[in-house]
$ cat data-v1.cif   # mmCIF, C-alpha atoms
data_structure
#
loop_
_atom_site.label_atom_id
_atom_site.label_comp_id
_atom_site.auth_asym_id
_atom_site.auth_seq_id
_atom_site.Cartn_x
_atom_site.Cartn_y
_atom_site.Cartn_z
CA MET F 248 0.00 0.00 0.00
CA LYS F 249 1.37 3.40 -0.99
CA ARG F 250 2.28 5.63 1.94
CA LYS F 251 0.19 8.80 2.11
CA ASN F 252 2.04 12.06 1.85
CA MET F 253 1.52 14.88 4.30
CA ALA F 254 -0.91 16.78 2.07
CA ASP F 255 -3.19 13.74 1.72
CA ARG F 256 -3.21 13.17 5.47
CA VAL F 257 -4.14 16.79 6.15
CA GLU F 258 -6.94 16.68 3.56
CA GLU F 259 -8.37 13.55 5.19
CA GLY F 260 -8.15 15.03 8.68
CA ASP F 261 -5.42 12.70 9.94
CA GLU F 262 -3.23 15.66 10.93
CA SER F 263 -5.83 17.72 12.78
CA LEU F 264 -3.98 17.49 16.11
CA TYR F 265 -0.46 17.44 14.70
CA ASN F 266 2.01 19.33 12.56
CA HIS F 267 1.18 22.85 13.72
CA GLY F 268 3.77 25.50 14.47
CA VAL F 269 4.73 26.84 17.85
CA SER F 270 2.57 29.93 17.37
CA TRP F 271 0.38 29.02 14.37
CA TRP F 272 -2.27 26.51 13.33
CA ARG F 273 -1.97 24.74 10.00
CA GLY F 274 -5.12 25.38 7.98
CA ARG F 275 -6.52 24.06 4.73
CA LEU F 276 -4.40 22.86 1.85
CA ILE F 277 -4.31 25.53 -0.87
CA GLY F 278 -1.74 24.07 -3.27
CA LYS F 279 0.48 21.10 -4.08
CA GLY F 280 3.83 20.96 -5.84
CA GLY F 281 6.56 18.54 -6.77
CA PHE F 282 8.49 19.29 -3.59
CA GLY F 283 5.78 20.00 -1.05
CA SER F 284 2.44 21.60 -0.32
CA VAL F 285 1.12 25.05 0.53
CA TYR F 286 -1.26 25.67 3.42
CA LEU F 287 -3.13 28.56 4.92
CA ALA F 288 -1.94 29.24 8.47
CA ASN F 289 -3.47 31.26 11.29
CA LEU F 290 -1.84 32.50 14.47
CA LYS F 291 -2.92 30.84 17.69
CA LYS F 292 -3.00 34.24 19.42
CA PRO F 293 -3.66 36.77 16.65
CA LYS F 294 -4.33 39.64 19.07
CA SER F 295 -1.12 39.22 21.05
CA ARG F 296 1.08 42.33 21.09
CA ASN F 297 4.21 40.17 21.12
CA ARG F 298 3.44 38.16 18.02
CA MET F 299 6.23 37.67 15.47
CA TYR F 300 4.00 36.86 12.49
CA PRO F 301 0.86 38.31 10.87
CA PRO F 302 -2.49 36.68 11.75
CA VAL F 303 -2.64 34.92 8.37
CA MET F 304 0.22 33.37 6.40
CA ALA F 305 0.91 30.93 3.56
CA VAL F 306 3.12 28.01 4.60
CA LYS F 307 5.13 25.93 2.10
CA SER F 308 5.90 22.53 3.61
CA ALA F 309 7.84 19.39 2.76
CA GLU F 310 9.41 16.52 4.66
CA VAL F 311 12.88 17.56 5.78
CA SER F 312 14.49 14.79 3.72
CA VAL F 313 13.16 16.35 0.49
CA SER F 314 13.12 20.03 1.46
CA SER F 315 16.39 21.18 -0.16
CA SER F 316 14.52 23.32 -2.71
CA LEU F 317 12.51 25.11 0.00
CA GLN F 318 15.66 25.64 2.06
CA LYS F 319 17.36 27.11 -1.00
CA GLU F 320 14.40 29.46 -1.48
CA LYS F 321 14.72 30.57 2.15
CA GLU F 322 18.40 31.37 1.56
CA VAL F 323 17.45 33.59 -1.38
CA PHE F 324 14.79 35.35 0.70
CA ASN F 325 17.45 36.05 3.34
CA HIS F 326 19.29 38.21 0.79
CA LEU F 327 16.19 39.97 -0.55
CA TYR F 328 14.65 41.13 2.71
CA GLY F 329 12.95 44.52 2.90
CA CYS F 330 11.81 45.22 -0.68
CA PRO F 331 8.11 46.22 -0.82
CA TYR F 332 7.78 44.58 -4.25
CA ILE F 333 9.02 41.13 -3.21
CA LEU F 334 6.87 38.68 -1.25
CA GLU F 335 7.90 38.71 2.39
CA CYS F 336 9.32 35.62 4.09
CA TYR F 337 8.75 35.53 7.85
CA GLY F 338 10.99 32.62 8.66
CA GLU F 339 11.23 28.85 8.77
CA GLU F 340 10.18 26.22 11.29
CA ILE F 341 10.39 22.47 11.79
CA THR F 342 7.23 20.65 12.85
CA THR F 343 6.44 16.97 13.44
CA ASN F 344 3.55 15.08 11.91
CA LYS F 345 1.47 12.23 13.32
CA ASP F 346 4.04 9.60 12.25
CA GLY F 347 6.90 11.46 13.87
CA GLU F 348 8.30 12.71 10.56
CA MET F 349 10.03 16.08 10.61
CA ILE F 350 8.49 18.70 8.31
CA TYR F 351 10.27 21.79 7.01
CA ASN F 352 8.02 24.87 6.77
CA LEU F 353 8.64 28.15 4.97
CA LEU F 354 6.44 30.96 6.34
CA LEU F 355 5.40 33.46 3.68
CA GLU F 356 3.27 36.55 3.17
CA TYR F 357 -0.29 35.65 2.21
CA ALA F 358 -1.54 37.10 -1.10
CA SER F 359 -5.31 37.23 -0.83
CA GLY F 360 -5.67 38.96 -4.20
CA GLY F 361 -4.41 35.98 -6.18
CA THR F 362 -1.90 36.57 -8.96
CA LEU F 363 -1.34 38.78 -11.96
CA ALA F 364 -2.19 35.73 -14.06
CA ASP F 365 -5.63 35.61 -12.41
CA LEU F 366 -6.17 39.28 -13.21
CA ILE F 367 -5.15 38.84 -16.84
CA LYS F 368 -7.42 35.81 -17.16
CA LYS F 369 -10.37 37.85 -15.91
CA SER F 370 -9.90 40.22 -18.84
CA GLY F 371 -11.22 37.48 -21.12
CA GLY F 372 -8.36 37.76 -23.58
CA HIS F 373 -8.68 41.54 -23.94
CA GLY F 374 -5.85 42.57 -21.62
CA LEU F 375 -5.71 45.29 -18.96
CA PRO F 376 -6.09 49.07 -19.31
CA GLU F 377 -2.76 50.76 -20.07
CA SER F 378 -2.92 52.74 -16.83
CA ASP F 379 -2.99 49.46 -14.89
CA VAL F 380 -0.26 47.92 -17.06
CA LYS F 381 2.00 50.89 -16.28
CA LYS F 382 1.41 50.61 -12.56
CA TYR F 383 1.97 46.86 -12.35
CA THR F 384 4.97 47.03 -14.67
CA ARG F 385 6.73 49.64 -12.54
CA SER F 386 6.18 47.61 -9.37
CA VAL F 387 7.47 44.36 -10.90
CA LEU F 388 10.39 46.25 -12.44
CA GLN F 389 11.38 47.68 -9.07
CA GLY F 390 11.31 44.17 -7.64
CA ILE F 391 13.52 42.92 -10.50
CA ALA F 392 15.97 45.79 -10.01
CA TYR F 393 16.24 44.88 -6.32
CA ILE F 394 16.80 41.20 -7.10
CA HIS F 395 19.56 41.98 -9.62
CA SER F 396 21.25 44.56 -7.37
CA HIS F 397 21.52 41.88 -4.68
CA GLY F 398 23.26 39.43 -6.98
CA TYR F 399 20.41 37.14 -8.07
CA VAL F 400 18.47 36.19 -11.19
CA HIS F 401 14.89 35.03 -10.62
CA CYS F 402 14.81 32.60 -13.61
CA ASP F 403 11.03 32.04 -13.52
CA LEU F 404 9.31 35.40 -13.85
CA LYS F 405 5.75 35.10 -15.15
CA PRO F 406 2.29 36.46 -14.24
CA GLY F 407 1.64 33.42 -12.04
CA ASN F 408 4.61 34.35 -9.85
CA VAL F 409 3.52 37.96 -9.34
CA LEU F 410 1.23 37.95 -6.32
CA LEU F 411 -1.33 40.58 -5.38
CA VAL F 412 -1.07 41.48 -1.69
CA SER F 413 -3.86 43.26 0.20
CA ALA F 414 -3.60 47.00 0.78
CA LYS F 415 -5.68 49.28 2.99
CA SER F 416 -7.07 50.85 -0.17
CA ALA F 417 -9.25 48.93 -2.61
CA GLU F 418 -6.18 47.99 -4.65
CA PHE F 419 -3.59 45.23 -4.35
CA VAL F 420 0.19 45.61 -4.44
CA PRO F 421 1.98 43.25 -6.88
CA LYS F 422 4.94 41.38 -5.40
CA ILE F 423 7.36 38.88 -6.92
CA GLY F 424 7.30 35.41 -5.34
CA ASP F 425 8.56 31.84 -5.83
CA PHE F 426 12.36 31.95 -5.74
CA GLY F 427 12.82 28.19 -5.94
CA LEU F 428 14.71 28.48 -9.24
CA ALA F 429 16.64 31.68 -8.49
CA LYS F 430 20.40 31.66 -9.14
CA LYS F 431 23.37 33.75 -8.05
CA ILE F 432 24.77 36.01 -10.75
CA GLU F 433 28.10 34.73 -12.01
CA LYS F 434 30.74 37.38 -11.25
CA SER F 435 33.49 35.85 -13.36
CA LYS F 436 33.80 36.82 -17.02
CA ARG F 437 33.69 33.16 -17.93
CA ARG F 438 30.06 32.17 -18.16
CA LYS F 439 28.87 29.00 -16.52
CA LEU F 440 26.63 27.00 -18.82
CA PHE F 441 23.96 24.84 -17.21
CA SER F 442 23.01 21.46 -18.66
CA TYR F 443 19.66 21.77 -16.91
CA LEU F 444 17.53 24.92 -16.87
CA GLY F 445 14.27 25.25 -14.98
CA GLY F 446 11.51 27.69 -15.70
CA THR F 447 8.43 28.24 -17.83
CA THR F 448 9.15 27.80 -21.52
CA SER F 449 6.95 30.63 -22.84
CA TYR F 450 8.89 33.18 -20.79
CA MET F 451 12.40 31.87 -21.53
CA ALA F 452 14.84 34.22 -23.27
CA PRO F 453 16.50 33.24 -26.58
CA GLU F 454 19.95 33.01 -24.94
CA THR F 455 18.52 30.61 -22.37
CA VAL F 456 17.23 28.32 -25.09
CA VAL F 457 20.23 28.58 -27.42
CA ASP F 458 23.21 29.06 -25.09
CA HIS F 459 21.85 27.75 -21.77
CA ILE F 460 22.44 31.14 -20.12
CA GLN F 461 20.28 32.62 -17.36
CA GLU F 462 21.51 36.07 -16.36
CA PRO F 463 19.80 39.42 -15.55
CA PRO F 464 18.87 40.10 -19.22
CA SER F 465 16.89 36.84 -19.15
CA ASP F 466 14.65 38.29 -16.44
CA ILE F 467 14.15 41.44 -18.53
CA TRP F 468 13.00 39.31 -21.48
CA ALA F 469 10.50 37.61 -19.16
CA LEU F 470 9.30 41.03 -18.01
CA GLY F 471 8.64 41.93 -21.65
CA CYS F 472 6.57 38.76 -21.99
CA ILE F 473 4.59 39.70 -18.87
CA VAL F 474 3.92 43.25 -20.11
CA PHE F 475 2.89 41.90 -23.52
CA GLU F 476 0.46 39.53 -21.81
CA MET F 477 -0.99 42.31 -19.65
CA PHE F 478 -1.70 44.36 -22.79
CA THR F 479 -3.11 41.57 -24.96
CA GLY F 480 -4.34 38.87 -22.60
CA LYS F 481 -2.32 36.40 -24.68
CA SER F 482 1.11 34.79 -24.70
CA VAL F 483 3.93 36.66 -26.44
CA TRP F 484 4.31 33.62 -28.72
CA ASP F 485 1.52 32.28 -30.90
CA VAL F 486 1.35 28.99 -29.02
CA LYS F 487 -1.06 26.38 -30.34
CA PRO F 488 -2.61 23.77 -27.99
CA ASN F 489 -0.88 20.92 -29.81
CA MET F 490 2.54 22.60 -29.91
CA THR F 491 5.28 20.56 -28.23
CA THR F 492 7.98 21.91 -25.95
CA GLU F 493 10.60 21.27 -28.64
CA GLN F 494 8.63 23.26 -31.24
CA LEU F 495 8.24 26.20 -28.89
CA LEU F 496 11.94 26.12 -27.99
CA LYS F 497 12.81 26.18 -31.69
CA LYS F 498 10.52 29.17 -32.20
CA ILE F 499 12.10 31.10 -29.32
CA GLY F 500 15.64 30.25 -30.40
CA ASP F 501 15.11 31.15 -34.07
CA ARG F 502 17.18 34.28 -34.79
CA TYR F 503 14.63 35.42 -37.39
CA GLU F 504 11.58 34.90 -35.18
CA SER F 505 10.56 37.81 -32.94
CA PRO F 506 7.43 38.59 -30.92
CA LYS F 507 4.91 40.73 -32.80
CA ILE F 508 4.39 43.83 -30.66
CA PRO F 509 0.78 45.13 -30.82
CA SER F 510 0.41 48.40 -32.75
CA GLU F 511 -2.66 49.64 -30.89
CA ILE F 512 -0.79 50.46 -27.66
CA SER F 513 0.96 53.79 -26.99
CA LYS F 514 4.32 54.67 -28.56
CA ASP F 515 5.97 54.63 -25.13
CA ALA F 516 4.60 51.14 -24.48
CA ILE F 517 5.84 49.90 -27.86
CA ASP F 518 9.31 51.35 -27.22
CA PHE F 519 9.38 49.82 -23.73
CA LEU F 520 8.53 46.37 -25.10
CA LYS F 521 11.19 46.72 -27.80
CA GLY F 522 13.75 47.44 -25.07
CA CYS F 523 12.77 44.23 -23.26
CA LEU F 524 12.31 41.88 -26.21
CA VAL F 525 15.64 42.42 -27.98
CA LYS F 526 16.96 39.08 -29.21
CA LYS F 527 20.58 39.81 -28.27
CA PRO F 528 20.91 40.17 -24.48
CA ALA F 529 23.79 42.65 -24.80
CA PHE F 530 21.40 45.16 -26.41
CA ARG F 531 18.53 44.56 -24.00
CA PHE F 532 17.71 47.32 -21.50
CA THR F 533 18.63 46.81 -17.84
CA ALA F 534 16.11 47.15 -15.02
CA GLU F 535 17.61 50.51 -14.00
CA MET F 536 17.39 51.81 -17.57
CA LEU F 537 13.76 50.72 -17.84
CA LEU F 538 12.83 52.47 -14.59
CA ASP F 539 13.79 55.73 -16.34
CA HIS F 540 11.78 54.89 -19.45
CA PRO F 541 8.86 57.30 -20.19
CA PHE F 542 6.40 54.41 -20.10
CA VAL F 543 6.83 54.00 -16.32
CA SER F 544 8.88 57.00 -15.15
CA GLY F 545 5.97 59.38 -15.67
CA LEU F 546 3.93 57.82 -12.87
CA ASP F 547 3.00 60.10 -10.01
CA ASN F 548 5.54 59.23 -7.28
CA LYS F 549 3.27 60.69 -4.61
CA LEU F 550 0.46 58.35 -5.68
CA GLU F 551 2.88 55.42 -5.70
CA LYS F 552 4.07 56.29 -2.18
CA GLU F 553 0.49 56.45 -0.91
CA TRP F 554 -0.15 53.07 -2.52
CA MET F 555 2.83 51.49 -0.76
CA ASP F 556 1.96 53.19 2.55
CA SER F 557 -1.44 51.49 2.31
CA VAL F 558 0.02 47.97 2.37
CA VAL F 559 -1.69 45.95 5.08
CA THR F 560 0.30 45.60 8.29
CA PHE F 561 0.08 42.75 10.81
CA SER F 562 -2.70 44.43 12.74
CA ASP F 563 -4.81 44.98 9.62
CA VAL F 564 -4.85 41.39 8.33
CA GLU F 565 -8.05 39.41 8.64
CA ASP F 566 -8.64 35.72 7.86
CA GLU F 567 -9.34 36.04 4.16
CA SER F 568 -10.07 33.30 1.67
CA CYS F 569 -8.03 33.07 -1.51
CA ASP F 570 -8.47 31.20 -4.78
CA SER F 571 -5.05 32.19 -6.07
CA SER F 572 -3.72 30.08 -8.91
CA TYR F 573 -0.26 30.69 -7.46
CA TYR F 574 -1.14 28.33 -4.61
CA GLU F 575 -3.33 25.99 -6.65
CA ASP F 576 -0.73 25.45 -9.34
CA TRP F 577 2.43 25.99 -7.30
CA ARG F 578 5.21 23.69 -8.23
CA CYS F 579 8.94 23.54 -7.56
CA ILE F 580 11.35 22.05 -10.09
CA SER F 581 14.40 20.06 -9.07
CA GLU F 582 17.75 21.01 -10.55
CA GLU F 583 18.35 17.28 -10.93
CA GLY F 584 14.91 16.59 -12.42
CA SER F 585 14.06 15.47 -15.91
CA SER F 586 12.18 17.21 -18.69
CA SER F 587 8.44 17.61 -18.32
CA SER F 588 5.81 19.77 -19.97
CA SER F 589 2.11 20.52 -19.96
CA VAL F 590 -0.21 22.80 -21.90
CA ASP F 591 -2.62 24.95 -19.93
CA GLU F 592 -6.11 25.95 -21.03
CA ASN F 593 -4.71 28.97 -22.88
CA GLY F 594 -2.31 26.82 -24.85
CA VAL F 595 0.74 27.98 -22.89
CA LEU F 596 3.41 25.38 -22.35
CA GLN F 597 4.87 25.27 -18.87
CA SER F 598 7.99 23.17 -18.64
CA ALA F 599 11.10 22.16 -16.88
CA VAL F 600 13.53 21.81 -19.74
CA SER F 601 16.45 19.40 -19.62
CA PHE F 602 18.73 20.32 -22.48
CA ASN F 603 21.08 18.12 -24.40
CA SER F 604 23.22 18.58 -27.47
CA GLN F 605 20.24 18.07 -29.78
CA ASN F 606 18.48 21.12 -28.31
CA GLN F 607 21.31 23.49 -29.17
CA GLN F 608 20.83 25.62 -32.23
CA SER F 609 23.47 27.44 -34.18
CA LYS F 610 23.34 31.20 -34.08
#
$ encode --input "data-v1.cif" --output "C-alpha cells"
Amino acid sequence: MKRKNMADRVEEGDESLYNHGVSWWRGRLIGKGGFGSVYLANLKKPKSRNRMYPPVMAVKSAEVSVSSSLQKEKEVFNHLYGCPYILECYGEEITTNKDGEMIYNLLLEYASGGTLADLIKKSGGHGLPESDVKKYTRSVLQGIAYIHSHGYVHCDLKPGNVLLVSAKSAEFVPKIGDFGLAKKIEKSKRRKLFSYLGGTTSYMAPETVVDHIQEPPSDIWALGCIVFEMFTGKSVWDVKPNMTTEQLLKKIGDRYESPKIPSEISKDAIDFLKGCLVKKPAFRFTAEMLLDHPFVSGLDNKLEKEWMDSVVTFSDVEDESCDSSYYEDWRCISEEGSSSSSVDENGVLQSAVSFNSQNQQSK
C-alpha cells in the first residue's frame, strides 16, 4: 500500500492534532507541488502584542528529507529582505507530523488577491487598461531591479509568480514570489553554462534556449513577456494547444523569429517592449534603464508612495479566503529533475527543460 504524503493526510483530517507550528495553526491545503504543499496558516494568538507573524500566512511545507529546494528558497529570501515589491518571508520552522516525521516549513506573506495571471485571465483575452499595465509594470520592475542589485536572477518570472497582496485601499500591491529556481549572478567573465535549466518555456529568453544562459537580461525578457500579456491577454508567442515543448523552444531560439508587438498600444509602451524583447541580451535594456523609461517614469511618485503606505500591516490582516492560482498550481522544479511539460487551457506550455546537445541551435 502506498504511503500517504503529508498533504493527503491533512486533507483527510489525519493531521488535525499534529504538525502545527509553535505559534500558528496549520489550515486548509491551498496548493500542491513537486516538492511540497502550501497551506493557509493562522496565528494561535492573533491579538497578542508580542506576536512575530501576521495573523494569516501561507506556509510551504515538505518533509525535511526532500526540502532542499525550500531551504534554497529561504536562503534567497534572506538576501532579498525589505523590498516592498518582493513577497515577504517571515521565517522557517520544523514541525512533526502524526508519524513522527520532521516537516520543514517556509512561512510566507499571504496574497489574498491571487496573482497577476488571475487578473489577466479575468480580462477574457482583452488585456488590462494601459494605466494598470504601467502601474503593475513599474512595481514588478522595481522588484527585479532589487533582485539583480543583490546578486540574483529570478529565472522564472511570469504572471503566475507575481502575487497581489492586500492593501488598505481597494487595490492590491503586486509582489514577486517563488524563488525556488533563483540563481546567483556569475561574477566571473567566464560564463557558466547549465546542462539543466528550470523555468516556464513561454517566458524563456533566446539566450537561455540557445546558449543555456540565465543572467539578468533573461529576467528582462521575461518582463517583456509579462507586459505583452498584460496588454493583450495572450502569450507573447503564438502557441497552439498541440505545440510541443521542442517546437516552442525552436521558435524562441530562431534568430529570425521575434514577438509581434501590438500596434494599438501607446508609442511609449511599444518602445518599452522593444527594449525588453531584444533578441541579443547585450542590447537589452537593464532594469535601471527601464525604470527611467517614459512608459513608467511618468507615474506620479506621490500616488505610488500612498499606494505602498497602504500595504496591510500585521494588525490589519483578517482571515481572508483566496483562490489564487499561485497556490493551486504551485510547483517547484528540481535542478536534478528530468524534462516535463504541460499545456494549460490557454495553450501555454509550462515546462522544466532538460537540455542536451540536440536542443542546441546554431546562431
$ resolve_selection --input "data-v1.cif" --expression "the PyMOL selection byres ((chain F and resi 388-403) around 9)" --output "PDB file with C-alpha atoms, in the frame of the given file"
ATOM      1  CA  VAL F 323      17.450  33.590  -1.380  1.00  0.00           C
ATOM      2  CA  HIS F 326      19.290  38.210   0.790  1.00  0.00           C
ATOM      3  CA  LEU F 327      16.190  39.970  -0.550  1.00  0.00           C
ATOM      4  CA  CYS F 330      11.810  45.220  -0.680  1.00  0.00           C
ATOM      5  CA  PRO F 331       8.110  46.220  -0.820  1.00  0.00           C
ATOM      6  CA  TYR F 332       7.780  44.580  -4.250  1.00  0.00           C
ATOM      7  CA  ILE F 333       9.020  41.130  -3.210  1.00  0.00           C
ATOM      8  CA  TYR F 383       1.970  46.860 -12.350  1.00  0.00           C
ATOM      9  CA  THR F 384       4.970  47.030 -14.670  1.00  0.00           C
ATOM     10  CA  ARG F 385       6.730  49.640 -12.540  1.00  0.00           C
ATOM     11  CA  SER F 386       6.180  47.610  -9.370  1.00  0.00           C
ATOM     12  CA  VAL F 387       7.470  44.360 -10.900  1.00  0.00           C
ATOM     13  CA  LEU F 404       9.310  35.400 -13.850  1.00  0.00           C
ATOM     14  CA  LYS F 405       5.750  35.100 -15.150  1.00  0.00           C
ATOM     15  CA  ASN F 408       4.610  34.350  -9.850  1.00  0.00           C
ATOM     16  CA  LYS F 422       4.940  41.380  -5.400  1.00  0.00           C
ATOM     17  CA  ILE F 423       7.360  38.880  -6.920  1.00  0.00           C
ATOM     18  CA  ASP F 425       8.560  31.840  -5.830  1.00  0.00           C
ATOM     19  CA  PHE F 426      12.360  31.950  -5.740  1.00  0.00           C
ATOM     20  CA  GLY F 427      12.820  28.190  -5.940  1.00  0.00           C
ATOM     21  CA  LEU F 428      14.710  28.480  -9.240  1.00  0.00           C
ATOM     22  CA  ALA F 429      16.640  31.680  -8.490  1.00  0.00           C
ATOM     23  CA  LYS F 430      20.400  31.660  -9.140  1.00  0.00           C
ATOM     24  CA  LYS F 431      23.370  33.750  -8.050  1.00  0.00           C
ATOM     25  CA  ILE F 432      24.770  36.010 -10.750  1.00  0.00           C
ATOM     26  CA  GLU F 433      28.100  34.730 -12.010  1.00  0.00           C
ATOM     27  CA  LYS F 434      30.740  37.380 -11.250  1.00  0.00           C
ATOM     28  CA  LEU F 444      17.530  24.920 -16.870  1.00  0.00           C
ATOM     29  CA  GLY F 445      14.270  25.250 -14.980  1.00  0.00           C
ATOM     30  CA  GLY F 446      11.510  27.690 -15.700  1.00  0.00           C
ATOM     31  CA  THR F 447       8.430  28.240 -17.830  1.00  0.00           C
ATOM     32  CA  TYR F 450       8.890  33.180 -20.790  1.00  0.00           C
ATOM     33  CA  MET F 451      12.400  31.870 -21.530  1.00  0.00           C
ATOM     34  CA  GLN F 461      20.280  32.620 -17.360  1.00  0.00           C
ATOM     35  CA  GLU F 462      21.510  36.070 -16.360  1.00  0.00           C
ATOM     36  CA  PRO F 463      19.800  39.420 -15.550  1.00  0.00           C
ATOM     37  CA  PRO F 464      18.870  40.100 -19.220  1.00  0.00           C
ATOM     38  CA  SER F 465      16.890  36.840 -19.150  1.00  0.00           C
ATOM     39  CA  ASP F 466      14.650  38.290 -16.440  1.00  0.00           C
ATOM     40  CA  ILE F 467      14.150  41.440 -18.530  1.00  0.00           C
ATOM     41  CA  ALA F 469      10.500  37.610 -19.160  1.00  0.00           C
ATOM     42  CA  LEU F 470       9.300  41.030 -18.010  1.00  0.00           C
ATOM     43  CA  THR F 533      18.630  46.810 -17.840  1.00  0.00           C
ATOM     44  CA  ALA F 534      16.110  47.150 -15.020  1.00  0.00           C
ATOM     45  CA  GLU F 535      17.610  50.510 -14.000  1.00  0.00           C
ATOM     46  CA  LEU F 537      13.760  50.720 -17.840  1.00  0.00           C
ATOM     47  CA  LEU F 538      12.830  52.470 -14.590  1.00  0.00           C
TER      48      LEU F 538
END
$ resolve_selection --input "data-v1.cif" --expression "the PyMOL selection byres ((chain F and resi 377) around 10)" --output "PDB file with C-alpha atoms, in the coordinates of the input"
ATOM      1  CA  GLY F 374      -5.850  42.570 -21.620  1.00  0.00           C
ATOM      2  CA  LEU F 375      -5.710  45.290 -18.960  1.00  0.00           C
ATOM      3  CA  PRO F 376      -6.090  49.070 -19.310  1.00  0.00           C
ATOM      4  CA  SER F 378      -2.920  52.740 -16.830  1.00  0.00           C
ATOM      5  CA  ASP F 379      -2.990  49.460 -14.890  1.00  0.00           C
ATOM      6  CA  VAL F 380      -0.260  47.920 -17.060  1.00  0.00           C
ATOM      7  CA  LYS F 381       2.000  50.890 -16.280  1.00  0.00           C
ATOM      8  CA  LYS F 382       1.410  50.610 -12.560  1.00  0.00           C
ATOM      9  CA  TYR F 383       1.970  46.860 -12.350  1.00  0.00           C
ATOM     10  CA  MET F 477      -0.990  42.310 -19.650  1.00  0.00           C
ATOM     11  CA  PHE F 478      -1.700  44.360 -22.790  1.00  0.00           C
ATOM     12  CA  ILE F 512      -0.790  50.460 -27.660  1.00  0.00           C
ATOM     13  CA  SER F 513       0.960  53.790 -26.990  1.00  0.00           C
ATOM     14  CA  ALA F 516       4.600  51.140 -24.480  1.00  0.00           C
ATOM     15  CA  PHE F 542       6.400  54.410 -20.100  1.00  0.00           C
TER      16      PHE F 542
END
$ resolve_selection --input "data-v1.cif" --expression "the PyMOL selection byres ((chain F and resi 283-294) around 7)" --output "PDB file with C-alpha atoms, in the frame of the given file"
ATOM      1  CA  ALA F 254      -0.910  16.780   2.070  1.00  0.00           C
ATOM      2  CA  SER F 270       2.570  29.930  17.370  1.00  0.00           C
ATOM      3  CA  TRP F 271       0.380  29.020  14.370  1.00  0.00           C
ATOM      4  CA  TRP F 272      -2.270  26.510  13.330  1.00  0.00           C
ATOM      5  CA  ARG F 273      -1.970  24.740  10.000  1.00  0.00           C
ATOM      6  CA  GLY F 274      -5.120  25.380   7.980  1.00  0.00           C
ATOM      7  CA  ARG F 275      -6.520  24.060   4.730  1.00  0.00           C
ATOM      8  CA  LEU F 276      -4.400  22.860   1.850  1.00  0.00           C
ATOM      9  CA  ILE F 277      -4.310  25.530  -0.870  1.00  0.00           C
ATOM     10  CA  GLY F 278      -1.740  24.070  -3.270  1.00  0.00           C
ATOM     11  CA  LYS F 279       0.480  21.100  -4.080  1.00  0.00           C
ATOM     12  CA  GLY F 280       3.830  20.960  -5.840  1.00  0.00           C
ATOM     13  CA  GLY F 281       6.560  18.540  -6.770  1.00  0.00           C
ATOM     14  CA  PHE F 282       8.490  19.290  -3.590  1.00  0.00           C
ATOM     15  CA  SER F 295      -1.120  39.220  21.050  1.00  0.00           C
ATOM     16  CA  ARG F 296       1.080  42.330  21.090  1.00  0.00           C
ATOM     17  CA  PRO F 302      -2.490  36.680  11.750  1.00  0.00           C
ATOM     18  CA  VAL F 303      -2.640  34.920   8.370  1.00  0.00           C
ATOM     19  CA  MET F 304       0.220  33.370   6.400  1.00  0.00           C
ATOM     20  CA  ALA F 305       0.910  30.930   3.560  1.00  0.00           C
ATOM     21  CA  VAL F 306       3.120  28.010   4.600  1.00  0.00           C
ATOM     22  CA  LYS F 307       5.130  25.930   2.100  1.00  0.00           C
ATOM     23  CA  SER F 308       5.900  22.530   3.610  1.00  0.00           C
ATOM     24  CA  ALA F 309       7.840  19.390   2.760  1.00  0.00           C
ATOM     25  CA  TYR F 574      -1.140  28.330  -4.610  1.00  0.00           C
TER      26      TYR F 574
END
$ residues_around --input "data-v1.cif" --residues "Leu495 of chain F" --least-positions-apart "6" --cutoff "8 Å" --atoms "only C-alpha atoms" --output "PyMOL selection string"
chain F and resi 448-449+486
$ residues_around --input "data-v1.cif" --residues "Val412 of chain F" --least-positions-apart "6" --cutoff "6 Å" --atoms "only C-alpha atoms" --output "PDB file with C-alpha atoms, in the frame of the given file"
ATOM      1  CA  ALA F 358      -1.540  37.100  -1.100  1.00  0.00           C
ATOM      2  CA  GLY F 360      -5.670  38.960  -4.200  1.00  0.00           C
ATOM      3  CA  PHE F 419      -3.590  45.230  -4.350  1.00  0.00           C
ATOM      4  CA  VAL F 420       0.190  45.610  -4.440  1.00  0.00           C
TER       5      VAL F 420
END
$ closest_residue --input "data-v1.cif" --among "F:Val457, F:Cys472, F:Val483, F:Leu317" --to "Leu496 of chain F" --atoms "all atoms listed in the file"
F:Val457
$ closest_residue --input "data-v1.cif" --among "F:Val269, F:Val474, F:Ile460, F:Met349" --to "Pro509 of chain F" --atoms "all atoms listed in the file"
F:Val474
$ closest_residue --input "data-v1.cif" --among "F:Met299, F:Val313, F:Leu411, F:Ile367" --to "Cys336 of chain F" --atoms "only C-alpha atoms"
F:Met299
$ residues_around --input "data-v1.cif" --residues "Asp515 of chain F" --least-positions-apart "5" --cutoff "10 Å" --atoms "only C-alpha atoms" --output "PyMOL selection string"
chain F and resi 520-521+540-543
$ residues_around --input "data-v1.cif" --residues "Tyr351 of chain F" --least-positions-apart "5" --cutoff "7 Å" --atoms "only C-alpha atoms" --output "PyMOL selection string"
chain F and resi 308-311+314+340-342
$ write_last_selection --input "data-v1.cif" --atoms "C-alpha atoms" --output "short mmCIF file (atom, residue, chain, number, x, y, z; two decimals), in the coordinates of the input"
data_model
loop_
_atom_site.label_atom_id
_atom_site.label_comp_id
_atom_site.auth_asym_id
_atom_site.auth_seq_id
_atom_site.Cartn_x
_atom_site.Cartn_y
_atom_site.Cartn_z
CA SER F 308 5.90 22.53 3.61
CA ALA F 309 7.84 19.39 2.76
CA GLU F 310 9.41 16.52 4.66
CA VAL F 311 12.88 17.56 5.78
CA SER F 314 13.12 20.03 1.46
CA GLU F 340 10.18 26.22 11.29
CA ILE F 341 10.39 22.47 11.79
CA THR F 342 7.23 20.65 12.85
#
$ atom_distance --input "data-v1.cif" --atom1 "atom CA of Lys526 of chain F" --atom2 "atom CA of Thr479 of chain F"
20.7 Å
